[in-house]
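To be precise, the following lines are work05.cif, and they hold mmCIF, C-alpha atoms.
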```
data_structure
#
loop_
_atom_site.label_atom_id
_atom_site.label_comp_id
_atom_site.auth_asym_id
_atom_site.auth_seq_id
_atom_site.Cartn_x
_atom_site.Cartn_y
_atom_site.Cartn_z
CA ARG A 144 -17.55 3.24 -25.16
CA LYS A 145 -14.65 5.42 -26.31
CA GLU A 146 -11.24 3.79 -26.34
CA VAL A 147 -9.73 6.61 -24.26
CA GLU A 148 -11.94 8.49 -21.83
CA GLN A 149 -11.29 11.69 -19.96
CA ASP A 150 -13.36 14.09 -17.90
CA PRO A 151 -13.74 17.12 -20.22
CA GLY A 152 -13.73 19.58 -17.32
CA PRO A 153 -13.21 22.48 -17.23
CA PHE A 154 -11.12 22.39 -14.10
CA ASN A 155 -10.93 25.93 -12.72
CA VAL A 156 -8.15 26.26 -10.16
CA PRO A 157 -6.29 29.16 -8.53
CA GLU A 158 -2.62 29.76 -9.18
CA GLY A 159 -0.46 27.57 -6.97
CA ALA A 160 -3.04 24.81 -6.67
CA THR A 161 -2.36 21.14 -7.30
CA VAL A 162 -4.65 19.53 -9.86
CA ALA A 163 -4.95 15.94 -11.06
CA PHE A 164 -6.44 14.54 -14.26
CA ASN A 165 -7.38 10.95 -14.84
CA CYS A 166 -7.83 8.92 -17.98
CA THR A 167 -8.99 5.38 -18.64
CA TYR A 168 -8.34 3.27 -21.71
CA SER A 169 -10.25 0.24 -22.84
CA ASN A 170 -7.79 -1.62 -25.07
CA SER A 171 -5.50 -3.83 -23.00
CA ALA A 172 -3.19 -4.10 -26.04
CA SER A 173 -2.20 -0.47 -25.55
CA GLN A 174 1.53 -0.27 -25.07
CA SER A 175 2.63 3.35 -24.92
CA PHE A 176 1.06 6.23 -23.09
CA PHE A 177 1.45 9.97 -23.30
CA TRP A 178 0.07 13.28 -22.18
CA TYR A 179 -0.16 15.96 -24.85
CA ARG A 180 -0.99 19.60 -24.28
CA GLN A 181 -3.12 21.60 -26.70
CA ASP A 182 -3.52 25.35 -26.47
CA CYS A 183 -6.60 26.99 -27.93
CA ARG A 184 -6.58 26.80 -31.75
CA LYS A 185 -3.08 25.32 -31.74
CA GLU A 186 -1.70 21.89 -32.53
CA PRO A 187 -1.10 19.29 -29.78
CA LYS A 188 2.40 19.08 -28.37
CA LEU A 189 3.92 16.25 -26.36
CA LEU A 190 4.01 17.08 -22.65
CA MET A 191 5.43 13.81 -21.39
CA SER A 192 5.49 10.08 -21.93
CA VAL A 193 4.07 7.89 -19.18
CA TYR A 194 6.17 5.00 -17.93
CA SER A 195 5.05 2.01 -15.90
CA SER A 196 7.07 3.07 -12.90
CA GLY A 197 5.65 6.59 -12.98
CA ASN A 198 7.71 9.60 -13.95
CA GLU A 199 8.16 13.21 -13.03
CA ASP A 200 9.17 16.25 -15.03
CA GLY A 201 9.40 19.34 -12.88
CA ARG A 202 5.93 20.17 -11.61
CA PHE A 203 4.34 17.38 -13.66
CA THR A 204 3.98 13.76 -12.50
CA ALA A 205 2.48 11.01 -14.65
CA GLN A 206 1.44 7.57 -13.46
CA LEU A 207 0.20 4.44 -15.15
CA ASN A 208 -1.80 1.60 -13.65
CA ARG A 209 -1.95 -1.19 -16.22
CA ALA A 210 -4.13 -3.45 -14.09
CA SER A 211 -6.84 -0.79 -13.88
CA GLN A 212 -6.05 0.64 -17.35
CA TYR A 213 -5.77 4.09 -15.85
CA ILE A 214 -3.36 6.98 -16.41
CA SER A 215 -3.01 10.13 -14.35
CA LEU A 216 -1.34 13.52 -14.59
CA LEU A 217 -0.62 15.64 -11.54
CA ILE A 218 0.32 19.30 -11.85
CA ARG A 219 1.76 20.97 -8.77
CA ASP A 220 2.01 24.72 -8.14
CA SER A 221 -0.21 25.58 -11.14
CA LYS A 222 0.81 28.56 -13.26
CA LEU A 223 -1.42 30.74 -15.42
CA SER A 224 0.51 29.38 -18.41
CA ASP A 225 -0.66 25.84 -17.59
CA SER A 226 -4.12 26.79 -18.86
CA ALA A 227 -4.73 24.48 -21.82
CA THR A 228 -6.41 21.24 -22.79
CA TYR A 229 -4.58 18.10 -21.70
CA LEU A 230 -4.95 15.10 -23.99
CA CYS A 231 -4.47 11.54 -22.80
CA VAL A 232 -2.99 9.46 -25.62
CA VAL A 233 -2.36 5.73 -26.04
CA ARG A 234 -0.61 3.76 -28.74
CA ARG A 235 -1.18 0.08 -29.47
CA ASN A 236 1.69 -2.29 -30.09
CA ALA A 237 0.58 -2.93 -33.66
CA GLY A 238 1.12 0.04 -35.92
CA ASN A 239 1.94 3.50 -34.84
CA MET A 240 -1.49 5.03 -34.55
CA LEU A 241 -2.19 7.24 -31.58
CA THR A 242 -5.64 7.23 -29.99
CA PHE A 243 -6.55 10.47 -28.28
CA GLY A 244 -8.95 11.11 -25.47
CA GLY A 245 -11.28 14.05 -25.81
CA GLY A 246 -9.11 16.18 -23.54
CA THR A 247 -9.48 17.82 -20.15
CA ARG A 248 -9.60 21.58 -20.10
CA LEU A 249 -7.67 23.36 -17.34
CA MET A 250 -8.09 27.03 -16.50
CA VAL A 251 -5.73 28.49 -13.93
CA LYS A 252 -6.96 31.78 -12.47
CA PRO A 253 -4.93 34.48 -10.71
CA GLY B 899 14.79 23.52 -37.77
CA ALA B 900 11.58 23.59 -39.77
CA GLY B 901 8.61 21.82 -38.28
CA VAL B 902 5.64 20.20 -39.97
CA SER B 903 3.88 22.61 -42.27
CA GLN B 904 0.39 22.40 -43.68
CA SER B 905 -1.46 24.34 -46.34
CA PRO B 906 -3.81 26.03 -46.65
CA SER B 907 -4.22 27.15 -43.05
CA ASN B 908 -7.90 27.82 -43.68
CA LYS B 909 -10.20 26.55 -46.39
CA VAL B 910 -13.84 27.47 -46.93
CA THR B 911 -15.66 25.47 -49.56
CA GLU B 912 -19.16 24.77 -50.73
CA LYS B 913 -20.85 21.46 -50.12
CA GLY B 914 -20.17 19.05 -52.96
CA LYS B 915 -16.80 20.49 -53.97
CA ASP B 916 -13.51 18.59 -53.72
CA VAL B 917 -10.68 19.85 -51.52
CA GLU B 918 -7.02 18.98 -51.29
CA LEU B 919 -5.00 19.50 -48.12
CA ARG B 920 -1.23 19.40 -48.08
CA CYS B 921 1.31 18.35 -45.46
CA ASP B 922 5.07 18.82 -45.52
CA PRO B 923 6.62 16.66 -42.81
CA ILE B 924 9.87 17.27 -41.00
CA SER B 925 12.77 16.33 -43.27
CA GLY B 926 13.91 12.77 -42.61
CA HIS B 927 10.68 11.69 -40.92
CA THR B 928 9.53 8.53 -42.64
CA ALA B 929 6.24 8.20 -40.80
CA LEU B 930 3.37 10.57 -41.50
CA TYR B 931 -0.13 10.68 -39.99
CA TRP B 932 -3.38 12.47 -40.68
CA TYR B 933 -5.89 13.23 -37.93
CA ARG B 934 -9.15 15.13 -37.81
CA GLN B 935 -10.36 17.25 -34.89
CA ARG B 936 -13.96 18.42 -34.81
CA LEU B 937 -14.81 21.45 -32.71
CA GLY B 938 -14.49 20.72 -29.01
CA GLN B 939 -13.53 17.10 -29.57
CA GLY B 940 -10.43 14.96 -29.46
CA LEU B 941 -8.36 13.90 -32.44
CA GLU B 942 -9.55 11.09 -34.71
CA PHE B 943 -6.93 9.06 -36.56
CA LEU B 944 -7.44 8.97 -40.33
CA ILE B 945 -4.42 7.36 -42.01
CA TYR B 946 -0.77 6.49 -41.44
CA PHE B 947 2.05 6.39 -44.00
CA GLN B 948 5.32 4.56 -43.58
CA GLY B 949 7.40 5.88 -46.46
CA ASN B 950 5.03 6.11 -49.40
CA SER B 951 2.81 3.22 -48.41
CA ALA B 952 -0.19 3.35 -46.11
CA PRO B 953 -0.28 0.28 -43.86
CA ASP B 954 -3.18 1.67 -41.85
CA LYS B 955 -6.11 3.43 -43.52
CA SER B 956 -8.59 2.27 -40.93
CA GLY B 957 -9.63 5.75 -39.86
CA LEU B 958 -10.74 7.10 -43.22
CA PRO B 959 -14.45 7.79 -42.63
CA SER B 960 -15.69 7.09 -46.15
CA ASP B 961 -14.55 6.47 -49.71
CA ARG B 962 -14.75 10.21 -50.29
CA PHE B 963 -11.50 10.49 -48.35
CA SER B 964 -8.17 9.49 -49.86
CA ALA B 965 -4.55 10.33 -49.25
CA GLU B 966 -1.27 9.83 -50.96
CA ARG B 967 2.35 10.45 -50.24
CA THR B 968 5.16 10.81 -52.74
CA GLY B 969 8.92 10.84 -52.40
CA GLU B 970 8.64 9.95 -48.71
CA SER B 971 7.86 13.59 -48.21
CA VAL B 972 4.77 15.60 -49.05
CA SER B 973 1.34 14.12 -48.46
CA THR B 974 -2.04 15.26 -49.72
CA LEU B 975 -5.40 14.43 -48.19
CA THR B 976 -8.25 14.72 -50.67
CA ILE B 977 -11.90 14.96 -49.72
CA GLN B 978 -14.32 14.56 -52.61
CA ARG B 979 -17.88 15.88 -52.66
CA THR B 980 -17.44 17.58 -49.31
CA GLN B 981 -20.25 17.48 -46.77
CA GLN B 982 -20.94 19.82 -43.86
CA GLU B 983 -19.91 17.11 -41.38
CA ASP B 984 -16.42 17.20 -42.92
CA SER B 985 -15.89 20.62 -41.30
CA ALA B 986 -13.01 20.20 -38.85
CA VAL B 987 -9.33 20.91 -38.35
CA TYR B 988 -7.20 18.41 -40.25
CA LEU B 989 -3.89 17.82 -38.51
CA CYS B 990 -0.82 16.18 -39.94
CA ALA B 991 1.99 14.75 -37.83
CA SER B 992 5.32 13.15 -38.64
CA SER B 993 7.85 11.08 -36.77
CA LEU B 994 10.97 9.06 -37.19
CA THR B 995 10.34 5.39 -37.78
CA GLY B 996 10.08 3.49 -34.58
CA HIS B 997 7.62 2.61 -31.95
CA TYR B 998 8.43 5.23 -29.37
CA ASN B 999 9.24 8.21 -31.52
CA GLU B 1000 7.37 11.39 -30.76
CA GLN B 1001 4.86 12.60 -33.34
CA PHE B 1002 5.26 16.27 -34.18
CA PHE B 1003 2.12 18.02 -35.34
CA GLY B 1004 1.62 20.70 -37.93
CA PRO B 1005 -0.63 23.71 -37.28
CA GLY B 1006 -3.55 22.11 -39.11
CA THR B 1007 -5.91 23.14 -41.88
CA ARG B 1008 -9.26 24.48 -40.71
CA LEU B 1009 -11.86 23.27 -43.21
CA THR B 1010 -15.30 24.82 -43.29
CA VAL B 1011 -17.92 23.34 -45.60
CA LEU B 1012 -20.86 25.66 -46.17
#
```
Let's see the structure in the file written out as structure tokens.
Amino acid sequence: RKEVEQDPGPFNVPEGATVAFNCTYSNSASQSFFWYRQDCRKEPKLLMSVYSSGNEDGRFTAQLNRASQYISLLIRDSKLSDSATYLCVVRRNAGNMLTFGGGTRLMVKP
Amino acid sequence: GAGVSQSPSNKVTEKGKDVELRCDPISGHTALYWYRQRLGQGLEFLIYFQGNSAPDKSGLPSDRFSAERTGESVSTLTIQRTQQEDSAVYLCASSLTGHYNEQFFGPGTRLTVL
């Protein structure tokens, strides 16, 4: 079983739609959680950190459920420019290594 | 300011040859990481440097892979006797020291082994 699992998609949604991605992680020692965005043939870039209480950044909301070892990302009012691969990322307490999920591909259509 | 840079951006090599990939981290970033991304897959951690030492080499897939860092700056990832399964994008990231500091990625080196 992979340490971080995501549905690869693709999720095809119309502009303006709300879309949610889920991610599960297997290592209960994981301490920090992030969503990264990766455009085609580009490097990953941090979208947002995920805090225990849940957090929002504009149209993006991230939530963490430690008991279920589950992280989510909600995107409201999707834009064409949101089309990308969204990577769920966890970091263990020991060391600074990030473990990446395989990514969920989102395609927003006009 | 300047971000993480990597060179070459693309490298095509023949099976069995050695390759050297270079990473220039953001100035002042003491932590440096190498990852590999195969086509259509997520990133795999390879190695982590804190300063010039590598406390975590757990991701290096075989003894053909090695990396070094000098002057708390530039790092090189060397792959000896390349195999076709080494074909991937090799990404370097750097961060300030500290548990919650964001890792900034370079554009990667696309390695193709024929």
| Matched chain/residue IDs from the PyMOL selection byres ((chain A and resi 170) around 9), as a PyMOL selection string | chain A and resi 146-147+168-169+171-173+212+235
Residues of chain A that have any atom at most 12 Å from an atom of chain B: could you tabulate them with the shortest-distance atom pair and the distance in Å to one decimal, using all atoms listed in the file, ordered by chain and increasing number, as JSON lines?
```
{"residue": "A:Lys145", "atom": "CA", "partner": "B:Gly940", "partner_atom": "CA", "distance": 10.9}
{"residue": "A:Glu146", "atom": "CA", "partner": "B:Glu942", "partner_atom": "CA", "distance": 11.2}
{"residue": "A:Val147", "atom": "CA", "partner": "B:Gly940", "partner_atom": "CA", "distance": 9.9}
{"residue": "A:Glu148", "atom": "CA", "partner": "B:Gly940", "partner_atom": "CA", "distance": 10.1}
{"residue": "A:Gln149", "atom": "CA", "partner": "B:Gly940", "partner_atom": "CA", "distance": 10.1}
{"residue": "A:Asp150", "atom": "CA", "partner": "B:Gly940", "partner_atom": "CA", "distance": 12.0}
{"residue": "A:Pro151", "atom": "CA", "partner": "B:Gln939", "partner_atom": "CA", "distance": 9.4}
{"residue": "A:Gly152", "atom": "CA", "partner": "B:Gly938", "partner_atom": "CA", "distance": 11.8}
{"residue": "A:Pro153", "atom": "CA", "partner": "B:Gly938", "partner_atom": "CA", "distance": 12.0}
{"residue": "A:Gln174", "atom": "CA", "partner": "B:His997", "partner_atom": "CA", "distance": 9.6}
{"residue": "A:Ser175", "atom": "CA", "partner": "B:Tyr998", "partner_atom": "CA", "distance": 7.5}
{"residue": "A:Phe176", "atom": "CA", "partner": "B:Tyr998", "partner_atom": "CA", "distance": 9.7}
{"residue": "A:Phe177", "atom": "CA", "partner": "B:Glu1000", "partner_atom": "CA", "distance": 9.6}
{"residue": "A:Trp178", "atom": "CA", "partner": "B:Glu1000", "partner_atom": "CA", "distance": 11.4}
{"residue": "A:Tyr179", "atom": "CA", "partner": "B:Gln1001", "partner_atom": "CA", "distance": 10.4}
{"residue": "A:Arg180", "atom": "CA", "partner": "B:Phe1003", "partner_atom": "CA", "distance": 11.6}
{"residue": "A:Gln181", "atom": "CA", "partner": "B:Gly940", "partner_atom": "CA", "distance": 10.3}
{"residue": "A:Asp182", "atom": "CA", "partner": "B:Pro1005", "partner_atom": "CA", "distance": 11.3}
{"residue": "A:Cys183", "atom": "CA", "partner": "B:Gly938", "partner_atom": "CA", "distance": 10.1}
{"residue": "A:Arg184", "atom": "CA", "partner": "B:Pro1005", "partner_atom": "CA", "distance": 8.7}
{"residue": "A:Lys185", "atom": "CA", "partner": "B:Pro1005", "partner_atom": "CA", "distance": 6.3}
{"residue": "A:Glu186", "atom": "CA", "partner": "B:Pro1005", "partner_atom": "CA", "distance": 5.2}
{"residue": "A:Pro187", "atom": "CA", "partner": "B:Phe1003", "partner_atom": "CA", "distance": 6.5}
{"residue": "A:Lys188", "atom": "CA", "partner": "B:Phe1003", "partner_atom": "CA", "distance": 7.1}
{"residue": "A:Leu189", "atom": "CA", "partner": "B:Glu1000", "partner_atom": "CA", "distance": 7.4}
{"residue": "A:Leu190", "atom": "CA", "partner": "B:Glu1000", "partner_atom": "CA", "distance": 10.5}
{"residue": "A:Met191", "atom": "CA", "partner": "B:Glu1000", "partner_atom": "CA", "distance": 9.9}
{"residue": "A:Ser192", "atom": "CA", "partner": "B:Glu1000", "partner_atom": "CA", "distance": 9.1}
{"residue": "A:Val193", "atom": "CA", "partner": "B:Tyr998", "partner_atom": "CA", "distance": 11.4}
{"residue": "A:Tyr194", "atom": "CA", "partner": "B:Tyr998", "partner_atom": "CA", "distance": 11.7}
{"residue": "A:Thr228", "atom": "CA", "partner": "B:Gly940", "partner_atom": "CA", "distance": 10.0}
{"residue": "A:Tyr229", "atom": "CA", "partner": "B:Gly940", "partner_atom": "CA", "distance": 10.2}
{"residue": "A:Leu230", "atom": "CA", "partner": "B:Gly940", "partner_atom": "CA", "distance": 7.7}
{"residue": "A:Cys231", "atom": "CA", "partner": "B:Gly940", "partner_atom": "CA", "distance": 9.6}
{"residue": "A:Val232", "atom": "CA", "partner": "B:Leu941", "partner_atom": "CA", "distance": 9.8}
{"residue": "A:Val233", "atom": "CA", "partner": "B:Tyr998", "partner_atom": "CA", "distance": 11.3}
{"residue": "A:Arg234", "atom": "CA", "partner": "B:His997", "partner_atom": "CA", "distance": 8.9}
{"residue": "A:Arg235", "atom": "CA", "partner": "B:His997", "partner_atom": "CA", "distance": 9.5}
{"residue": "A:Asn236", "atom": "CA", "partner": "B:His997", "partner_atom": "CA", "distance": 7.9}
{"residue": "A:Ala237", "atom": "CA", "partner": "B:His997", "partner_atom": "CA", "distance": 9.1}
{"residue": "A:Gly238", "atom": "CA", "partner": "B:Asp954", "partner_atom": "CA", "distance": 7.5}
{"residue": "A:Asn239", "atom": "CA", "partner": "B:His997", "partner_atom": "CA", "distance": 6.4}
{"residue": "A:Met240", "atom": "CA", "partner": "B:Phe943", "partner_atom": "CA", "distance": 7.1}
{"residue": "A:Leu241", "atom": "CA", "partner": "B:Phe943", "partner_atom": "CA", "distance": 7.1}
{"residue": "A:Thr242", "atom": "CA", "partner": "B:Phe943", "partner_atom": "CA", "distance": 6.9}
{"residue": "A:Phe243", "atom": "CA", "partner": "B:Leu941", "partner_atom": "CA", "distance": 5.7}
{"residue": "A:Gly244", "atom": "CA", "partner": "B:Gly940", "partner_atom": "CA", "distance": 5.7}
{"residue": "A:Gly245", "atom": "CA", "partner": "B:Gly940", "partner_atom": "CA", "distance": 3.9}
{"residue": "A:Gly246", "atom": "CA", "partner": "B:Gly940", "partner_atom": "CA", "distance": 6.2}
{"residue": "A:Thr247", "atom": "CA", "partner": "B:Gly940", "partner_atom": "CA", "distance": 9.8}
{"residue": "A:Arg248", "atom": "CA", "partner": "B:Gly938", "partner_atom": "CA", "distance": 10.2}
```
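The two atoms in question, CA of Arg920 in chain B and CA of Ala986 in chain B, are spaced 15.0 Å apart.
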| B:Gln978, B:Asn950, B:Thr928, B:Ser973 ranked by distance to Ser905 in chain B, top pick (using all atoms listed in the file) | B:Ser973
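The space between CA of Thr1010 in chain B and CA of Lys909 in chain B spans 6.2 Å.
Here CA of Arg219 in chain A stands at a distance of 17.8 Å from CA of Leu207 in chain A.
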Once you count all atoms listed in the file, which residues end up no further than 8 Å from (-17.4, 21.8, -38.9) in the file's frame, shown as a compact mmCIF listing (two decimals) with C-alpha atoms, in the coordinates of the input?
```txt
# COMPACT_ATOMS: atom_id res chain seq x y z
CA ARG B 936 -13.96 18.42 -34.81
CA LEU B 937 -14.81 21.45 -32.71
CA GLN B 982 -20.94 19.82 -43.86
CA GLU B 983 -19.91 17.11 -41.38
CA ASP B 984 -16.42 17.20 -42.92
CA SER B 985 -15.89 20.62 -41.30
CA ALA B 986 -13.01 20.20 -38.85
CA LEU B 1009 -11.86 23.27 -43.21
CA THR B 1010 -15.30 24.82 -43.29
CA VAL B 1011 -17.92 23.34 -45.60
```
